[in-house]
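J.: Before anything else, here's the structure in question.
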Amino acid sequence: MHIIHVVGARPNFMKVAPVLQALRAYPDITQHLVHTGQHYDAAMSEIFFQQLGLPEPDINLEVGSGSHAVQTAQVMLRFEETVLAQRPDLVLVYGDVNSTVAASLVCAKLGIRVGHVEAGLRSFDRTMPEEINRLVTDQIADLLFTPSADGDHNLLREGVDPAKIHLVGNVMIDTLVRLLPQAEAGWPTLRTRLGLGKRYGLVTLHRPSNVDEPAMLAQILKTLGELASELPLLFPIHPRTRRRIAEQGLDAQAACLQLCEPLGYLEFLALQAHAQLVISDSGGVQEETTYLRVPCLTVRANTERPVTVEVGSNQLVGQDMARLREAAENVLQGKFRSGAIPPLWDGQAGERIADILATNEQMN
Ligand code: UD1
Ligand code: UDP
């Protein structure tokens, strides 16, 4: 069996690593890795290949940035050539980014089977570009690997054939479990390098609903600035957000925060593990803080990862700055629930996927 993995953006790299690794145990399976080039800065791509031990991509489609239509179309045009040349038996796509839906569409039209890792997540908010990507990808995928039972329920409700759905657990957590000891080993040096004391909070923001709206971004930065007088806040800035801060002339509002470039996986993981508080709108960070049982305040009205709120340490504060302040105060006073780790978030999801793929192949 010949499998092509397609990745493109930062959160895809943590998800593909355990699947690639687990499939190495099956000598009859040949694997190739395609990078669409959706993310291309070294700090958003290359560093993860090094830190996660990923092989160099066999092909980089180098699509770069663009509007949704341009980026999606470029991936489709370029990936179609790859698929026609290589004729894989299966293409595995990850998460919910534009590269995910674009590669899935190409395969569906060429009659190539698609497997979606992290299937079934729903925010029920179609203004989010990722929600459209999830809905379309899941409708056309042949194998759907879900991280939690809510994913199965969502897919069944949408009429997906139950035989295609496999509850395997969370691949993002596989990578965390594998690399946490290494992240911890580097922590003393990292803390000194960043000049952090014992208490600090960690911030990431990149959702268009938070950072593309100038008034919203200004309000968030103002609130974070106020919180920073009680707890130093480290903010590794996503390139989208950095651009918006510069365009809107909001540098002064961000001056009370400790800003830095996006960090490597190991550094960011150690920082999450030791933070008093994480404030974020990232999907992956909601999951990682849940595993680490570190309080996470998510600056969004909804989440496609409800298990992190129901079971884990995540709290949705919406885009309401009074709620963010109040929730942060509570955490600082020790009033928060550290939660529990959801079922199957155990470091073995990649192995489960590999096992299903190998069994599936024998049945074909
Ligand atoms: C994308 C995903 C989002 C995911 C996020 C992870 C979609 C629709 N969005 O959002 O789901 O949560 O990645 O980080 O697929 N840029 C750079 N260098 C880079 C990459 C991007 O400077 O290496 C800048 C460009 O100005 C670009 C902007 O960031 O226009 C946005 O990049 P894009 O990939 O379109 O979306 P993200 O916001 O990164
Ligand atoms: N991450 C990282 N460095 C950073 C910020 C995040 O390595 O400076 C990691 C984080 O630990 C998680 C992943 O990036 O593994 C989440 O990706 P992102 O927030 O870009 O996307 P999302 O999960 O929201 O789609």
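The way I read the labels, and the way they are meant: chains A, B, ... in the order of the structure tokens, residue 1 as the first residue of every chain, and ligand 1 as the first ligand shown, with later ones counted on from there.
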Return as a PDB file with N, CA and C atoms, in the first residue's frame every polymer residue, whether protein, DNA or RNA, with at least one atom no more than 10 Å from an atom of ligand 2; count only C-alpha atoms and all ligand atoms.

T.:
ATOM      1  N   ALA A   9       0.264  23.356   7.456  1.00  0.00           N
ATOM      2  CA  ALA A   9       0.308  24.427   8.454  1.00  0.00           C
ATOM      3  C   ALA A   9       0.786  23.878   9.798  1.00  0.00           C
ATOM      4  N   ARG A  10       1.231  24.786  10.664  1.00  0.00           N
ATOM      5  CA  ARG A  10       1.883  24.393  11.927  1.00  0.00           C
ATOM      6  C   ARG A  10       1.209  23.237  12.666  1.00  0.00           C
ATOM      7  N   PRO A  11      -0.104  23.290  12.917  1.00  0.00           N
ATOM      8  CA  PRO A  11      -0.665  22.204  13.745  1.00  0.00           C
ATOM      9  C   PRO A  11      -0.687  20.844  13.046  1.00  0.00           C
ATOM     10  N   ASN A  12      -0.520  20.824  11.731  1.00  0.00           N
ATOM     11  CA  ASN A  12      -0.495  19.540  11.012  1.00  0.00           C
ATOM     12  C   ASN A  12       0.743  18.716  11.369  1.00  0.00           C
ATOM     13  N   PHE A  13       1.842  19.394  11.681  1.00  0.00           N
ATOM     14  CA  PHE A  13       3.110  18.671  11.848  1.00  0.00           C
ATOM     15  C   PHE A  13       3.080  17.772  13.090  1.00  0.00           C
ATOM     16  N   MET A  14       2.459  18.296  14.171  1.00  0.00           N
ATOM     17  CA  MET A  14       2.376  17.481  15.400  1.00  0.00           C
ATOM     18  C   MET A  14       1.462  16.272  15.180  1.00  0.00           C
ATOM     19  N   LYS A  15       0.512  16.420  14.248  1.00  0.00           N
ATOM     20  CA  LYS A  15      -0.480  15.352  14.040  1.00  0.00           C
ATOM     21  C   LYS A  15       0.061  14.242  13.137  1.00  0.00           C
ATOM     22  N   HIS A  39       2.275  27.066   5.324  1.00  0.00           N
ATOM     23  CA  HIS A  39       3.173  27.789   6.226  1.00  0.00           C
ATOM     24  C   HIS A  39       4.600  27.552   5.747  1.00  0.00           C
ATOM     25  N   ALA A  43      10.129  29.444  11.431  1.00  0.00           N
ATOM     26  CA  ALA A  43       9.546  29.309  12.781  1.00  0.00           C
ATOM     27  C   ALA A  43       8.136  28.708  12.748  1.00  0.00           C
ATOM     28  N   MET A  44       7.542  28.598  11.560  1.00  0.00           N
ATOM     29  CA  MET A  44       6.197  28.028  11.452  1.00  0.00           C
ATOM     30  C   MET A  44       6.234  26.650  10.800  1.00  0.00           C
ATOM     31  N   SER A  45       7.420  26.226  10.357  1.00  0.00           N
ATOM     32  CA  SER A  45       7.472  24.961   9.618  1.00  0.00           C
ATOM     33  C   SER A  45       8.747  24.163   9.908  1.00  0.00           C
ATOM     34  N   ILE A  47      11.313  24.302  11.855  1.00  0.00           N
ATOM     35  CA  ILE A  47      11.705  23.946  13.230  1.00  0.00           C
ATOM     36  C   ILE A  47      10.955  22.707  13.729  1.00  0.00           C
ATOM     37  N   PHE A  48       9.715  22.525  13.250  1.00  0.00           N
ATOM     38  CA  PHE A  48       8.927  21.370  13.707  1.00  0.00           C
ATOM     39  C   PHE A  48       9.436  20.078  13.064  1.00  0.00           C
ATOM     40  N   GLN A  51      12.442  19.326  15.322  1.00  0.00           N
ATOM     41  CA  GLN A  51      12.145  18.938  16.713  1.00  0.00           C
ATOM     42  C   GLN A  51      11.299  17.670  16.807  1.00  0.00           C
ATOM     43  N   GLY A  95      -6.369  17.471  10.399  1.00  0.00           N
ATOM     44  CA  GLY A  95      -6.908  18.706  10.943  1.00  0.00           C
ATOM     45  C   GLY A  95      -7.913  19.390  10.030  1.00  0.00           C
ATOM     46  N   ASP A  96      -7.855  20.717  10.006  1.00  0.00           N
ATOM     47  CA  ASP A  96      -8.944  21.486   9.393  1.00  0.00           C
ATOM     48  C   ASP A  96      -8.470  22.694   8.607  1.00  0.00           C
ATOM     49  N   VAL A  97      -7.235  22.651   8.123  1.00  0.00           N
ATOM     50  CA  VAL A  97      -6.721  23.846   7.436  1.00  0.00           C
ATOM     51  C   VAL A  97      -7.043  23.772   5.937  1.00  0.00           C
ATOM     52  N   GLU A 130     -12.330  27.140   9.225  1.00  0.00           N
ATOM     53  CA  GLU A 130     -11.998  25.747   9.533  1.00  0.00           C
ATOM     54  C   GLU A 130     -13.245  24.867   9.573  1.00  0.00           C
ATOM     55  N   MET A 172      -2.413  14.497  18.495  1.00  0.00           N
ATOM     56  CA  MET A 172      -1.643  15.642  19.020  1.00  0.00           C
ATOM     57  C   MET A 172      -1.041  15.282  20.389  1.00  0.00           C
ATOM     58  N   ILE A 173      -1.819  14.508  21.140  1.00  0.00           N
ATOM     59  CA  ILE A 173      -1.364  14.106  22.478  1.00  0.00           C
ATOM     60  C   ILE A 173      -0.266  13.036  22.373  1.00  0.00           C
ATOM     61  N   THR A 175       2.180  13.125  20.309  1.00  0.00           N
ATOM     62  CA  THR A 175       3.418  13.899  20.181  1.00  0.00           C
ATOM     63  C   THR A 175       3.790  14.529  21.520  1.00  0.00           C
ATOM     64  N   LEU A 176       2.786  15.017  22.225  1.00  0.00           N
ATOM     65  CA  LEU A 176       3.055  15.625  23.541  1.00  0.00           C
ATOM     66  C   LEU A 176       3.678  14.591  24.489  1.00  0.00           C
ATOM     67  N   LEU A 202       0.855  32.524  29.526  1.00  0.00           N
ATOM     68  CA  LEU A 202       1.267  32.326  28.132  1.00  0.00           C
ATOM     69  C   LEU A 202       0.073  32.653  27.234  1.00  0.00           C
ATOM     70  N   VAL A 203       0.337  33.407  26.172  1.00  0.00           N
ATOM     71  CA  VAL A 203      -0.753  33.850  25.281  1.00  0.00           C
ATOM     72  C   VAL A 203      -0.462  33.439  23.846  1.00  0.00           C
ATOM     73  N   THR A 204      -1.485  32.923  23.128  1.00  0.00           N
ATOM     74  CA  THR A 204      -1.392  32.851  21.658  1.00  0.00           C
ATOM     75  C   THR A 204      -2.740  33.261  21.085  1.00  0.00           C
ATOM     76  N   LEU A 205      -2.706  33.986  19.992  1.00  0.00           N
ATOM     77  CA  LEU A 205      -3.941  34.430  19.317  1.00  0.00           C
ATOM     78  C   LEU A 205      -3.695  34.470  17.816  1.00  0.00           C
ATOM     79  N   HIS A 206      -4.566  33.847  17.062  1.00  0.00           N
ATOM     80  CA  HIS A 206      -4.434  33.986  15.603  1.00  0.00           C
ATOM     81  C   HIS A 206      -5.744  33.827  14.843  1.00  0.00           C
ATOM     82  N   ARG A 207      -6.873  33.601  15.557  1.00  0.00           N
ATOM     83  CA  ARG A 207      -8.144  33.413  14.843  1.00  0.00           C
ATOM     84  C   ARG A 207      -8.561  34.726  14.201  1.00  0.00           C
ATOM     85  N   PHE A 235       3.969  36.268  25.016  1.00  0.00           N
ATOM     86  CA  PHE A 235       3.090  36.168  23.854  1.00  0.00           C
ATOM     87  C   PHE A 235       3.925  35.897  22.593  1.00  0.00           C
ATOM     88  N   PRO A 236       4.122  34.608  22.261  1.00  0.00           N
ATOM     89  CA  PRO A 236       4.782  34.304  20.976  1.00  0.00           C
ATOM     90  C   PRO A 236       3.775  34.597  19.847  1.00  0.00           C
ATOM     91  N   ILE A 237       4.125  35.527  18.979  1.00  0.00           N
ATOM     92  CA  ILE A 237       3.114  36.056  18.044  1.00  0.00           C
ATOM     93  C   ILE A 237       3.099  35.311  16.714  1.00  0.00           C
ATOM     94  N   HIS A 238       1.928  34.834  16.357  1.00  0.00           N
ATOM     95  CA  HIS A 238       1.659  34.219  15.051  1.00  0.00           C
ATOM     96  C   HIS A 238       1.846  35.294  13.971  1.00  0.00           C
ATOM     97  N   PRO A 239       2.370  34.909  12.794  1.00  0.00           N
ATOM     98  CA  PRO A 239       2.624  35.935  11.763  1.00  0.00           C
ATOM     99  C   PRO A 239       1.378  36.720  11.340  1.00  0.00           C
ATOM    100  N   CYS A 260       7.340  37.729  21.543  1.00  0.00           N
ATOM    101  CA  CYS A 260       8.469  37.065  20.894  1.00  0.00           C
ATOM    102  C   CYS A 260       8.004  36.395  19.615  1.00  0.00           C
ATOM    103  N   GLU A 261       8.925  35.920  18.838  1.00  0.00           N
ATOM    104  CA  GLU A 261       8.619  35.175  17.611  1.00  0.00           C
ATOM    105  C   GLU A 261       7.878  33.886  17.985  1.00  0.00           C
ATOM    106  N   PRO A 262       7.175  33.270  17.024  1.00  0.00           N
ATOM    107  CA  PRO A 262       6.597  31.945  17.316  1.00  0.00           C
ATOM    108  C   PRO A 262       7.710  31.022  17.789  1.00  0.00           C
ATOM    109  N   LEU A 263       7.392  30.173  18.766  1.00  0.00           N
ATOM    110  CA  LEU A 263       8.430  29.327  19.357  1.00  0.00           C
ATOM    111  C   LEU A 263       8.378  27.913  18.799  1.00  0.00           C
ATOM    112  N   GLY A 264       9.464  27.189  18.996  1.00  0.00           N
ATOM    113  CA  GLY A 264       9.505  25.780  18.623  1.00  0.00           C
ATOM    114  C   GLY A 264       8.548  24.975  19.497  1.00  0.00           C
ATOM    115  N   TYR A 265       8.261  23.753  19.063  1.00  0.00           N
ATOM    116  CA  TYR A 265       7.323  22.903  19.795  1.00  0.00           C
ATOM    117  C   TYR A 265       7.819  22.627  21.219  1.00  0.00           C
ATOM    118  N   LEU A 266       9.086  22.279  21.354  1.00  0.00           N
ATOM    119  CA  LEU A 266       9.603  21.894  22.681  1.00  0.00           C
ATOM    120  C   LEU A 266       9.540  23.071  23.649  1.00  0.00           C
ATOM    121  N   GLU A 267       9.891  24.244  23.148  1.00  0.00           N
ATOM    122  CA  GLU A 267       9.880  25.441  23.986  1.00  0.00           C
ATOM    123  C   GLU A 267       8.445  25.776  24.395  1.00  0.00           C
ATOM    124  N   PHE A 268       7.550  25.729  23.409  1.00  0.00           N
ATOM    125  CA  PHE A 268       6.164  26.111  23.698  1.00  0.00           C
ATOM    126  C   PHE A 268       5.505  25.108  24.640  1.00  0.00           C
ATOM    127  N   LEU A 269       5.858  23.844  24.474  1.00  0.00           N
ATOM    128  CA  LEU A 269       5.289  22.808  25.347  1.00  0.00           C
ATOM    129  C   LEU A 269       5.738  23.011  26.801  1.00  0.00           C
ATOM    130  N   ALA A 270       7.031  23.274  26.968  1.00  0.00           N
ATOM    131  CA  ALA A 270       7.544  23.502  28.335  1.00  0.00           C
ATOM    132  C   ALA A 270       6.863  24.729  28.940  1.00  0.00           C
ATOM    133  N   LEU A 271       6.678  25.762  28.118  1.00  0.00           N
ATOM    134  CA  LEU A 271       6.040  26.979  28.621  1.00  0.00           C
ATOM    135  C   LEU A 271       4.592  26.724  29.031  1.00  0.00           C
ATOM    136  N   GLN A 272       3.886  25.897  28.275  1.00  0.00           N
ATOM    137  CA  GLN A 272       2.508  25.560  28.664  1.00  0.00           C
ATOM    138  C   GLN A 272       2.509  24.797  29.985  1.00  0.00           C
ATOM    139  N   SER A 280      -5.709  31.781  25.014  1.00  0.00           N
ATOM    140  CA  SER A 280      -5.445  31.381  23.639  1.00  0.00           C
ATOM    141  C   SER A 280      -6.741  31.285  22.839  1.00  0.00           C
ATOM    142  N   ASP A 281      -6.604  31.203  21.527  1.00  0.00           N
ATOM    143  CA  ASP A 281      -7.748  30.840  20.688  1.00  0.00           C
ATOM    144  C   ASP A 281      -7.377  29.675  19.776  1.00  0.00           C
ATOM    145  N   SER A 282      -6.285  28.999  20.108  1.00  0.00           N
ATOM    146  CA  SER A 282      -5.791  27.887  19.297  1.00  0.00           C
ATOM    147  C   SER A 282      -6.561  26.598  19.609  1.00  0.00           C
ATOM    148  N   GLY A 283      -6.752  25.781  18.587  1.00  0.00           N
ATOM    149  CA  GLY A 283      -7.375  24.479  18.802  1.00  0.00           C
ATOM    150  C   GLY A 283      -6.452  23.543  19.555  1.00  0.00           C
ATOM    151  N   GLY A 284      -5.221  23.425  19.057  1.00  0.00           N
ATOM    152  CA  GLY A 284      -4.274  22.492  19.659  1.00  0.00           C
ATOM    153  C   GLY A 284      -3.934  22.845  21.098  1.00  0.00           C
ATOM    154  N   VAL A 285      -3.860  24.135  21.393  1.00  0.00           N
ATOM    155  CA  VAL A 285      -3.492  24.559  22.752  1.00  0.00           C
ATOM    156  C   VAL A 285      -4.595  24.179  23.754  1.00  0.00           C
ATOM    157  N   GLN A 286      -5.849  24.221  23.327  1.00  0.00           N
ATOM    158  CA  GLN A 286      -6.950  23.778  24.218  1.00  0.00           C
ATOM    159  C   GLN A 286      -6.738  22.312  24.616  1.00  0.00           C
ATOM    160  N   GLU A 287      -6.248  21.519  23.659  1.00  0.00           N
ATOM    161  CA  GLU A 287      -6.048  20.088  23.931  1.00  0.00           C
ATOM    162  C   GLU A 287      -4.812  19.849  24.799  1.00  0.00           C
ATOM    163  N   GLU A 288      -3.728  20.549  24.458  1.00  0.00           N
ATOM    164  CA  GLU A 288      -2.478  20.324  25.200  1.00  0.00           C
ATOM    165  C   GLU A 288      -2.603  20.773  26.652  1.00  0.00           C
ATOM    166  N   THR A 289      -3.266  21.921  26.887  1.00  0.00           N
ATOM    167  CA  THR A 289      -3.441  22.375  28.271  1.00  0.00           C
ATOM    168  C   THR A 289      -4.349  21.414  29.036  1.00  0.00           C
TER     169      THR A 289
END

J.: Show which residues sit within 10 Å of Arg300 in chain A, as a list in words. Count only C-alpha atoms, and ignore same-chain residues fewer than 3 positions away.

T.: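 Residues meeting the cut-off are Arg207, Ser209, Asn210, Ser280, Asp281, Ser282, Leu297, Thr303, Gln315, Leu316, Val317, Gly318, Gln319 and Asp320 of chain A.
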
J.: Counting only C-alpha atoms, figure out which residue out of A:Ala42, A:Val294, A:Leu194, A:Leu231 gets nearest to Leu259 in chain A.

T.: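 Going through A:Ala42, A:Val294, A:Leu194, A:Leu231 one by one, the smallest distance to Leu259 in chain A is for A:Leu194.
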
J.: Using only C-alpha atoms, which residues sit within 8 Å of Pro232 in chain A once same-chain residues fewer than 3 positions away are excluded, as a compact mmCIF listing (two decimals) with N, CA and C atoms, in the first residue's frame?

T.:
# COMPACT_ATOMS: atom_id res chain seq x y z
N ARG A 199 6.20 32.84 38.16
CA ARG A 199 4.81 33.00 37.74
C ARG A 199 4.75 33.76 36.42
N TYR A 200 4.04 33.18 35.49
CA TYR A 200 3.83 33.88 34.21
C TYR A 200 2.61 33.25 33.53
N GLY A 201 2.05 33.99 32.59
CA GLY A 201 0.99 33.46 31.74
C GLY A 201 1.49 33.40 30.31
N LEU A 227 -4.00 42.76 32.57
CA LEU A 227 -3.66 41.53 33.31
C LEU A 227 -2.16 41.42 33.56
N ALA A 228 -1.39 41.96 32.62
CA ALA A 228 0.07 41.84 32.73
C ALA A 228 0.62 42.57 33.95
N SER A 229 -0.18 43.48 34.53
CA SER A 229 0.32 44.15 35.74
C SER A 229 0.26 43.18 36.94
N LEU A 257 3.24 43.57 27.14
CA LEU A 257 3.36 42.11 27.04
C LEU A 257 4.78 41.76 26.61
N GLN A 258 5.21 40.57 27.00
CA GLN A 258 6.53 40.12 26.54
C GLN A 258 6.32 39.39 25.20

J.: Could you pull out all residues of range 165-203 of chain A with a DSSP call of helix (DSSP H, G or I) and give them as a ChimeraX atom specification?

T.: /A:171-185,187-194

J.: What's the separation between CA of Ile341 in chain A and CA of Tyr291 in chain A, in Å to one decimal place?

T.: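 Distance between the two atoms: 5.5 Å.
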